[in-house]
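Trainee: For reference, this is upload_24.cif, and it has mmCIF, C-alpha atoms.
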```
data_my_file
loop_
_atom_site.label_atom_id
_atom_site.label_comp_id
_atom_site.auth_asym_id
_atom_site.auth_seq_id
_atom_site.Cartn_x
_atom_site.Cartn_y
_atom_site.Cartn_z
CA ILE A 124 23.85 -62.13 43.47
CA ALA A 125 20.17 -62.11 44.40
CA THR A 126 18.25 -58.84 44.36
CA THR A 127 17.48 -57.41 47.79
CA GLU A 128 16.53 -53.81 46.84
CA ILE A 129 14.86 -52.09 43.91
CA ARG A 130 14.81 -48.30 43.62
CA PHE A 131 12.18 -46.05 42.08
CA GLY A 132 12.10 -42.40 41.11
CA GLY A 133 9.83 -40.01 39.24
CA ASN A 134 6.37 -38.67 39.90
CA LEU A 135 2.91 -39.92 40.83
CA ASP A 136 0.17 -37.69 39.40
CA SER A 137 -1.81 -36.14 42.28
CA ARG A 138 -4.68 -35.36 39.85
CA MET A 139 -5.52 -39.04 39.42
CA ALA A 140 -8.81 -40.14 40.94
CA VAL A 141 -9.03 -42.50 43.89
CA GLY A 142 -8.87 -46.06 42.57
CA GLU A 143 -6.80 -45.20 39.48
CA SER A 144 -3.45 -46.92 39.19
CA VAL A 145 -0.16 -47.10 37.29
CA THR A 146 2.13 -50.08 36.83
CA GLN A 147 5.87 -50.62 36.54
CA THR A 148 7.58 -53.91 35.62
CA VAL A 149 11.10 -54.66 36.81
CA GLU A 150 13.54 -57.53 36.36
CA VAL A 151 15.03 -59.07 39.51
CA TYR A 152 17.46 -61.95 40.10
CA ASP A 153 17.52 -64.96 42.41
CA SER A 154 20.55 -66.66 43.99
CA LEU A 155 21.13 -68.71 40.80
CA GLY A 156 21.19 -65.61 38.62
CA ASP A 157 17.83 -66.39 36.98
CA THR A 158 15.66 -63.45 35.92
CA HIS A 159 12.13 -62.88 37.23
CA SER A 160 9.66 -60.24 36.08
CA ILE A 161 7.88 -58.42 38.90
CA THR A 162 5.04 -55.99 38.25
CA LEU A 163 4.31 -53.30 40.83
CA THR A 164 0.91 -51.61 40.68
CA PHE A 165 0.54 -48.20 42.37
CA THR A 166 -3.08 -47.34 43.23
CA LYS A 167 -4.31 -44.04 44.64
CA LEU A 168 -6.14 -44.77 47.91
CA ALA A 169 -6.84 -41.22 49.10
CA THR A 170 -5.43 -37.71 48.90
CA ASN A 171 -1.64 -37.93 49.26
CA ASN A 172 -1.89 -41.66 49.93
CA TRP A 173 -1.00 -44.50 47.55
CA GLY A 174 -0.80 -48.25 47.88
CA TRP A 175 1.45 -50.61 45.94
CA THR A 176 1.14 -54.32 45.20
CA ALA A 177 3.83 -56.62 43.78
CA ARG A 178 2.88 -59.55 41.54
CA ASP A 179 4.92 -62.16 39.69
CA ALA A 180 4.58 -63.12 36.01
CA SER A 181 1.64 -65.42 36.81
CA GLY A 182 -0.23 -62.62 38.61
CA ALA A 183 0.26 -64.06 42.10
CA ASP A 184 0.29 -61.45 44.86
CA LEU A 185 3.77 -61.24 46.48
CA GLY A 186 3.33 -58.33 48.89
CA ASN A 187 2.08 -54.77 49.30
CA GLY A 188 2.62 -51.51 51.14
CA THR A 189 1.61 -47.83 51.26
CA LEU A 190 3.17 -44.46 50.41
CA ASP A 191 2.25 -41.17 52.08
CA PHE A 192 3.11 -37.71 50.74
CA ASP A 193 2.97 -34.31 52.41
CA GLU A 194 1.35 -31.15 51.05
CA HIS A 195 4.51 -30.39 49.06
CA GLY A 196 4.54 -33.79 47.34
CA ASP A 197 7.49 -35.16 49.28
CA ILE A 198 7.33 -38.75 50.48
CA GLN A 199 6.93 -39.16 54.22
CA GLY A 200 9.33 -41.38 56.13
CA ASN A 201 11.28 -44.24 54.57
CA PRO A 202 8.87 -47.13 53.93
CA ASN A 203 10.52 -50.49 54.56
CA ASP A 204 7.71 -52.75 53.36
CA THR A 205 9.03 -55.87 51.66
CA PHE A 206 7.76 -58.61 49.39
CA SER A 207 9.16 -62.07 48.80
CA PHE A 208 8.91 -65.14 46.58
CA SER A 209 10.51 -68.58 46.41
CA PRO A 210 12.04 -69.48 43.01
CA THR A 211 12.36 -73.16 42.16
CA GLY A 212 15.77 -74.49 43.17
CA ALA A 213 17.02 -71.15 44.52
CA ASP A 214 17.03 -69.40 47.88
CA PRO A 215 13.89 -67.44 48.81
CA VAL A 216 14.11 -63.84 47.62
CA SER A 217 13.09 -60.98 49.92
CA ILE A 218 13.08 -57.53 48.29
CA THR A 219 12.67 -54.07 49.82
CA PRO A 220 11.41 -51.42 47.37
CA LYS A 221 13.00 -48.00 47.87
CA PHE A 222 10.73 -45.05 47.05
CA THR A 223 12.80 -42.14 48.41
CA GLY A 224 13.22 -40.81 44.86
CA VAL A 225 9.44 -40.66 44.22
CA VAL A 226 7.43 -37.44 44.52
CA GLN A 227 3.77 -36.55 43.97
CA ASN A 228 2.60 -33.44 42.13
CA ALA A 229 0.05 -32.20 39.63
CA SER A 230 1.88 -33.24 36.48
CA GLU A 231 1.92 -36.26 34.21
CA GLY A 232 3.04 -39.39 36.04
CA THR A 233 6.60 -40.40 35.17
CA LEU A 234 7.24 -43.16 37.69
CA VAL A 235 10.45 -44.96 36.67
CA PHE A 236 12.47 -47.94 37.81
CA LYS A 237 15.98 -46.63 38.58
CA SER A 238 18.10 -49.60 39.62
CA GLN A 239 18.33 -52.86 41.53
CA ASP A 240 21.24 -54.49 43.32
CA GLY A 241 21.03 -57.99 41.84
CA TYR A 242 23.09 -59.44 39.00
CA PRO A 243 22.64 -62.26 36.50
CA GLN A 244 24.98 -65.23 36.42
CA GLY A 245 28.44 -64.29 35.21
CA THR A 246 31.67 -66.01 34.24
CA MET A 247 35.18 -64.76 34.79
CA VAL A 248 36.46 -62.98 31.69
CA GLY A 249 39.71 -61.59 33.08
CA TYR A 250 41.66 -60.61 36.13
CA ASN A 251 44.29 -58.18 37.33
CA VAL A 252 46.60 -57.84 40.31
CA ASN A 253 47.08 -54.64 42.29
CA ASP A 254 50.26 -53.52 44.07
CA SER A 255 49.03 -55.09 47.33
CA GLY A 256 48.88 -58.53 45.73
CA VAL A 257 45.09 -58.77 45.59
CA ILE A 258 43.90 -60.79 42.59
CA ILE A 259 40.73 -59.13 41.27
CA GLY A 260 38.45 -61.19 39.03
CA GLU A 261 36.40 -59.49 36.31
CA TYR A 262 33.07 -61.11 35.38
CA SER A 263 30.85 -60.94 32.31
CA ASN A 264 27.96 -59.46 34.34
CA GLY A 265 30.02 -56.36 35.20
CA LEU A 266 31.01 -57.41 38.70
CA THR A 267 34.53 -57.44 40.08
CA LYS A 268 35.50 -59.58 43.05
CA ASN A 269 38.63 -60.25 45.08
CA VAL A 270 39.42 -63.90 44.35
CA GLY A 271 42.88 -64.33 45.86
CA GLN A 272 45.85 -62.80 47.66
CA ILE A 273 49.51 -63.08 46.71
CA ALA A 274 51.80 -63.39 49.73
CA THR A 275 55.46 -62.39 49.94
CA ALA A 276 58.21 -63.65 52.25
CA VAL A 277 60.89 -61.63 54.03
CA PHE A 278 64.10 -63.27 55.28
CA GLY A 279 66.42 -61.99 57.98
CA ASN A 280 69.41 -62.80 55.73
CA PRO A 281 68.29 -63.02 52.06
CA GLY A 282 71.93 -63.48 51.05
CA GLY A 283 71.89 -66.83 52.84
CA LEU A 284 69.29 -68.36 50.55
CA LEU A 285 70.41 -71.33 48.46
CA ARG A 286 70.13 -70.92 44.70
CA VAL A 287 68.30 -73.89 43.19
CA GLY A 288 67.69 -72.40 39.74
CA ASP A 289 68.08 -69.24 37.70
CA THR A 290 65.42 -67.40 39.70
CA ALA A 291 64.61 -69.96 42.39
CA PHE A 292 65.98 -70.07 45.90
CA SER A 293 65.59 -72.36 48.90
CA ILE A 294 65.57 -71.73 52.64
CA SER A 295 68.78 -72.48 54.49
CA ALA A 296 69.91 -72.32 58.10
CA ASN A 297 71.81 -69.15 57.20
CA SER A 298 68.81 -67.36 55.68
CA GLY A 299 66.47 -67.82 58.63
CA GLU A 300 62.78 -68.65 58.51
CA PRO A 301 60.50 -66.67 56.19
CA GLU A 302 58.10 -64.08 57.52
CA ILE A 303 55.01 -64.33 55.33
CA GLY A 304 52.98 -61.18 54.81
CA ARG A 305 50.94 -59.10 52.42
CA PRO A 306 52.77 -56.92 49.88
CA GLY A 307 53.01 -53.33 51.08
CA SER A 308 52.68 -54.22 54.78
CA GLY A 309 55.54 -54.19 57.27
CA ALA A 310 58.88 -54.99 55.61
CA ASN A 311 57.17 -56.46 52.54
CA GLY A 312 57.63 -54.43 49.39
CA LYS A 313 54.80 -53.63 47.01
CA LEU A 314 54.26 -55.51 43.77
CA SER A 315 54.63 -53.91 40.33
CA PRO A 316 51.91 -55.53 38.18
CA GLY A 317 52.71 -55.55 34.46
CA ALA A 318 56.41 -54.77 35.00
CA LEU A 319 59.22 -56.98 33.71
CA GLU A 320 61.37 -58.66 36.35
CA MET A 321 64.55 -56.67 37.10
CA SER A 322 63.01 -53.66 35.30
CA ASN A 323 62.11 -50.38 36.95
CA VAL A 324 59.98 -48.99 34.12
CA ASP A 325 56.37 -49.38 33.03
CA LEU A 326 56.49 -51.68 30.00
CA SER A 327 53.24 -50.44 28.48
CA GLU A 328 54.45 -46.83 28.66
CA GLN A 329 57.82 -47.72 27.15
CA PHE A 330 56.21 -49.64 24.26
CA THR A 331 53.93 -46.67 23.57
CA ASP A 332 56.89 -44.26 23.53
CA MET A 333 58.80 -46.63 21.22
CA ILE A 334 55.92 -46.77 18.74
CA ILE A 335 55.60 -42.96 18.77
CA THR A 336 59.35 -42.64 18.18
CA GLN A 337 59.20 -45.17 15.34
CA ARG A 338 56.39 -43.28 13.61
CA GLY A 339 58.28 -40.01 14.00
CA PHE A 340 61.45 -41.56 12.52
CA GLN A 341 59.46 -42.90 9.56
CA ALA A 342 57.94 -39.46 8.90
CA ASN A 343 61.36 -37.77 9.09
CA SER A 344 62.87 -40.31 6.70
CA ARG A 345 60.12 -39.49 4.20
CA ILE A 346 61.06 -35.80 4.44
CA ILE A 347 64.70 -36.62 3.64
CA THR A 348 63.64 -38.80 0.69
CA THR A 349 61.35 -36.06 -0.68
CA SER A 350 64.07 -33.40 -0.30
CA ASP A 351 66.54 -35.63 -2.14
CA GLU A 352 64.12 -36.10 -5.02
CA MET A 353 63.53 -32.34 -5.27
CA LEU A 354 67.29 -31.66 -5.44
CA GLN A 355 67.64 -34.31 -8.14
CA GLU A 356 64.93 -32.60 -10.19
CA LEU A 357 66.77 -29.26 -9.85
CA VAL A 358 69.99 -30.86 -11.16
CA ASN A 359 68.08 -32.35 -14.09
CA LEU A 360 66.56 -28.91 -14.95
CA LYS A 361 70.04 -27.37 -15.16
CA ARG A 362 71.16 -30.06 -17.55
#
```
Can you give me the file's structure in the form of structure tokens?
Mentor:
Amino acid sequence: IATTEIRFGGNLDSRMAVGESVTQTVEVYDSLGDTHSITLTFTKLATNNWGWTARDASGADLGNGTLDFDEHGDIQGNPNDTFSFSPTGADPVSITPKFTGVVQNASEGTLVFKSQDGYPQGTMVGYNVNDSGVIIGEYSNGLTKNVGQIATAVFGNPGGLLRVGDTAFSISANSGEPEIGRPGSGANGKLSPGALEMSNVDLSEQFTDMIITQRGFQANSRIITTSDEMLQELVNLKR
């Protein structure tokens, strides 16, 4: 996912002289997931007024804008200046810097890059299904995405279906035509992800309880064994 916004926070030092500047480098992503380093330079233009310029790794100017602060150091308005560049082989990237978290006061400058909404290329590393039948893919870049939808069918007379296998059935004239829908909607029941067919319990919870019970049984059996050995020693002492 290409970056469209980058967000800044922190402080610009109001004591800096006109013409002095600070820089901040951020990593952004294009539509192919490639990384690009962008350097933003913030230069004081006048009292309570700053300008910013964005440059790529080669130093080429990509865009610029201005920031105005009031007498309390709060930023004025919501600047929507943008800058853009055209990566080789990818879609053009247009980015809007967000400075609503930036203030100006008479203290050491601590301007920081907070976040950006782009992501590098990722591959699917897993998936899960919710009770509505949505298949959710999990990707190596931290994203999750709906990649599919399981549908269920409702029949007017399910008893009229023809058995064609142990768990397979076929439509018949007696069963009626299927009404396809999403699990949990209308007459369609919800799915139970991770549950065993014909089971009404959570398998993971049952396995956990079984392991706990097993460990408890093992501990109790050790107590019985230890008690037996102690009694045997008492018998031996009497002899």
Trainee: To one decimal in Å, tell me the separation between CA of Ser181 (chain A) and CA of Ala213 (chain A).
Mentor: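 Calculated distance between CA of Ser181 (chain A) and CA of Ala213 (chain A) is 18.1 Å.
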Trainee: Selection in question (the file shown): the PyMOL selection byres ((chain A and resi 221) around 10). Which residues does it include, as number ranges by chain?
Mentor: A: 128-132, 201-205, 218-220, 222-225, 237-239
Trainee: Please indicate the distance in Å from CA of Pro306 (chain A) to CA of Phe278 (chain A), rounded to one decimal place.
Mentor: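 So the answer is 14.1 Å.
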Trainee: Name the residues captured by the PyMOL selection byres ((chain A and resi 187) around 12) when it is applied to the shown file; answer as a VMD selection string.
Mentor: chain A and resid 162 to 166 173 to 178 183 to 186 188 to 190 202 to 207 218 to 220
Trainee: On this file, the PyMOL selection byres ((chain A and resi 125) around 12) gives some set of residues; write that set as a ChimeraX atom specification.
Mentor: /A:124,126-129,150-159,207-210,213-218,239-244
Trainee: I'd like the interatomic distance between CA of Ile273 (chain A) and CA of Gly256 (chain A), to a tenth of an Å.
Mentor: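 Going from CA of Ile273 (chain A) over to CA of Gly256 (chain A), I get 4.7 Å.
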Trainee: So, counting all atoms listed in the file, which residue among A:Ala310, A:Ala169, A:Ala296, A:Ile334 is closest to Ala276 (chain A)?
Mentor: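 Closest to Ala276 (chain A), using all atoms listed in the file: A:Ala310.
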Trainee: Contacts of Val277 (chain A) at 9 Å or less, counting all atoms listed in the file, minus same-chain residues fewer than 3 places along, as a list in words?
Mentor: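 The contact residues come out as Asn280, Pro281, Glu300, Pro301, Glu302, Ile303, Gly304, Ala310 and Asn311 of chain A.
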Trainee: Taking the point (-7.4, -42.7, 38.4) as given in the file, collect each protein or nucleic acid residue that comes within 12 Å of it, counting all atoms listed in the file, and present the set as a list in words.
Mentor: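 Every residue inside that radius is included here: Leu135, Asp136, Ser137, Arg138, Met139, Ala140, Val141, Gly142, Glu143, Ser144, Val145, Phe165, Thr166, Lys167, Leu168, Ala169, Thr170, Trp173 and Gly232 of chain A.
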Trainee: Give, as JSON, the centre coordinates and the x, y and z edge lengths in Å to one decimal for an axis-aligned box around all listed atoms of region 144-158 of chain A, padded by 4 Å on each side.
Mentor:
```
{"center_x": 8.9, "center_y": -57.8, "center_z": 39.8, "size_x": 32.6, "size_y": 29.8, "size_z": 16.4}
```
Trainee: Could you name the residues that touch Gly249 (chain A) at 9 Å or less, counting only C-alpha atoms, but leaving out those on the same chain fewer than 6 positions away, as a tab-separated table (two decimals) with C-alpha atoms, keeping the file's coordinate frame?
Mentor:
```
chain	number	residue	atom	x	y	z
A	259	ILE	CA	40.73	-59.13	41.27
A	260	GLY	CA	38.45	-61.19	39.03
A	261	GLU	CA	36.40	-59.49	36.31
A	262	TYR	CA	33.07	-61.11	35.38
A	263	SER	CA	30.85	-60.94	32.31
```
Trainee: Of the candidates A:Ala318, A:Leu357, A:Ile161, A:Leu266, which shows the shortest atom-to-atom distance to Phe236 (chain A), using only C-alpha atoms?
Mentor: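 That would be A:Ile161, the residue with the smallest distance to Phe236 (chain A).
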Trainee: Using all atoms listed in the file, find the one residue out of A:Gln199, A:Phe192, A:Met353, A:Ser160 that sits nearest to Ala180 (chain A).
Mentor: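 Among the listed residues, A:Ser160 lies closest to Ala180 (chain A).
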Trainee: Give the answer as one residue: which of A:Ile294, A:Val226, A:Ile335, A:Val248 has the shortest atom-to-atom distance to Asn172 (chain A), using only C-alpha atoms?
Mentor: A:Val226
Trainee: Which residue is closest to Asn297 (chain A)? Choose from A:His195, A:Gly283, A:Gln355, A:Val149 and count all atoms listed in the file.
Mentor: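 Looking only at the distances to Asn297 (chain A), the closest residue turns out to be A:Gly283.
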Trainee: Reconstruct region 175-188 of chain A at the level of N, CA, C and O atoms, and format the result as a short mmCIF file (atom, residue, chain, number, x, y, z; two decimals), keeping the file's coordinate frame.
Mentor:
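What follows is the written file out31.cif:
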```cif
data_model
loop_
_atom_site.label_atom_id
_atom_site.label_comp_id
_atom_site.auth_asym_id
_atom_site.auth_seq_id
_atom_site.Cartn_x
_atom_site.Cartn_y
_atom_site.Cartn_z
N TRP A 175 0.79 -49.86 47.02
CA TRP A 175 1.45 -50.61 45.94
C TRP A 175 1.31 -52.11 46.20
O TRP A 175 1.23 -52.56 47.34
N THR A 176 1.25 -52.87 45.12
CA THR A 176 1.14 -54.32 45.20
C THR A 176 2.12 -54.93 44.20
O THR A 176 2.20 -54.48 43.05
N ALA A 177 2.87 -55.93 44.64
CA ALA A 177 3.83 -56.62 43.78
C ALA A 177 3.26 -57.96 43.36
O ALA A 177 2.73 -58.71 44.20
N ARG A 178 3.36 -58.28 42.06
CA ARG A 178 2.88 -59.55 41.54
C ARG A 178 3.93 -60.16 40.63
O ARG A 178 4.70 -59.44 39.98
N ASP A 179 3.98 -61.49 40.58
CA ASP A 179 4.92 -62.16 39.69
C ASP A 179 4.32 -62.30 38.30
O ASP A 179 3.21 -61.80 38.03
N ALA A 180 5.02 -63.01 37.40
CA ALA A 180 4.58 -63.12 36.01
C ALA A 180 3.24 -63.84 35.88
O ALA A 180 2.49 -63.62 34.92
N SER A 181 2.91 -64.69 36.86
CA SER A 181 1.64 -65.42 36.81
C SER A 181 0.49 -64.62 37.41
O SER A 181 -0.67 -65.04 37.37
N GLY A 182 0.79 -63.46 37.99
CA GLY A 182 -0.23 -62.62 38.61
C GLY A 182 -0.42 -62.87 40.09
O GLY A 182 -1.28 -62.24 40.72
N ALA A 183 0.38 -63.77 40.66
CA ALA A 183 0.26 -64.06 42.10
C ALA A 183 0.73 -62.87 42.93
O ALA A 183 1.75 -62.24 42.62
N ASP A 184 -0.03 -62.57 43.98
CA ASP A 184 0.29 -61.45 44.86
C ASP A 184 1.49 -61.81 45.74
O ASP A 184 1.48 -62.83 46.44
N LEU A 185 2.55 -60.96 45.71
CA LEU A 185 3.77 -61.24 46.48
C LEU A 185 3.88 -60.38 47.73
O LEU A 185 4.59 -60.74 48.68
N GLY A 186 3.23 -59.23 47.74
CA GLY A 186 3.33 -58.33 48.89
C GLY A 186 2.78 -56.97 48.53
O GLY A 186 2.47 -56.68 47.37
N ASN A 187 2.64 -56.10 49.54
CA ASN A 187 2.08 -54.77 49.30
C ASN A 187 2.53 -53.82 50.38
O ASN A 187 3.13 -54.22 51.40
N GLY A 188 2.26 -52.54 50.18
CA GLY A 188 2.62 -51.51 51.14
C GLY A 188 1.95 -50.21 50.77
O GLY A 188 1.15 -50.14 49.82
#
```
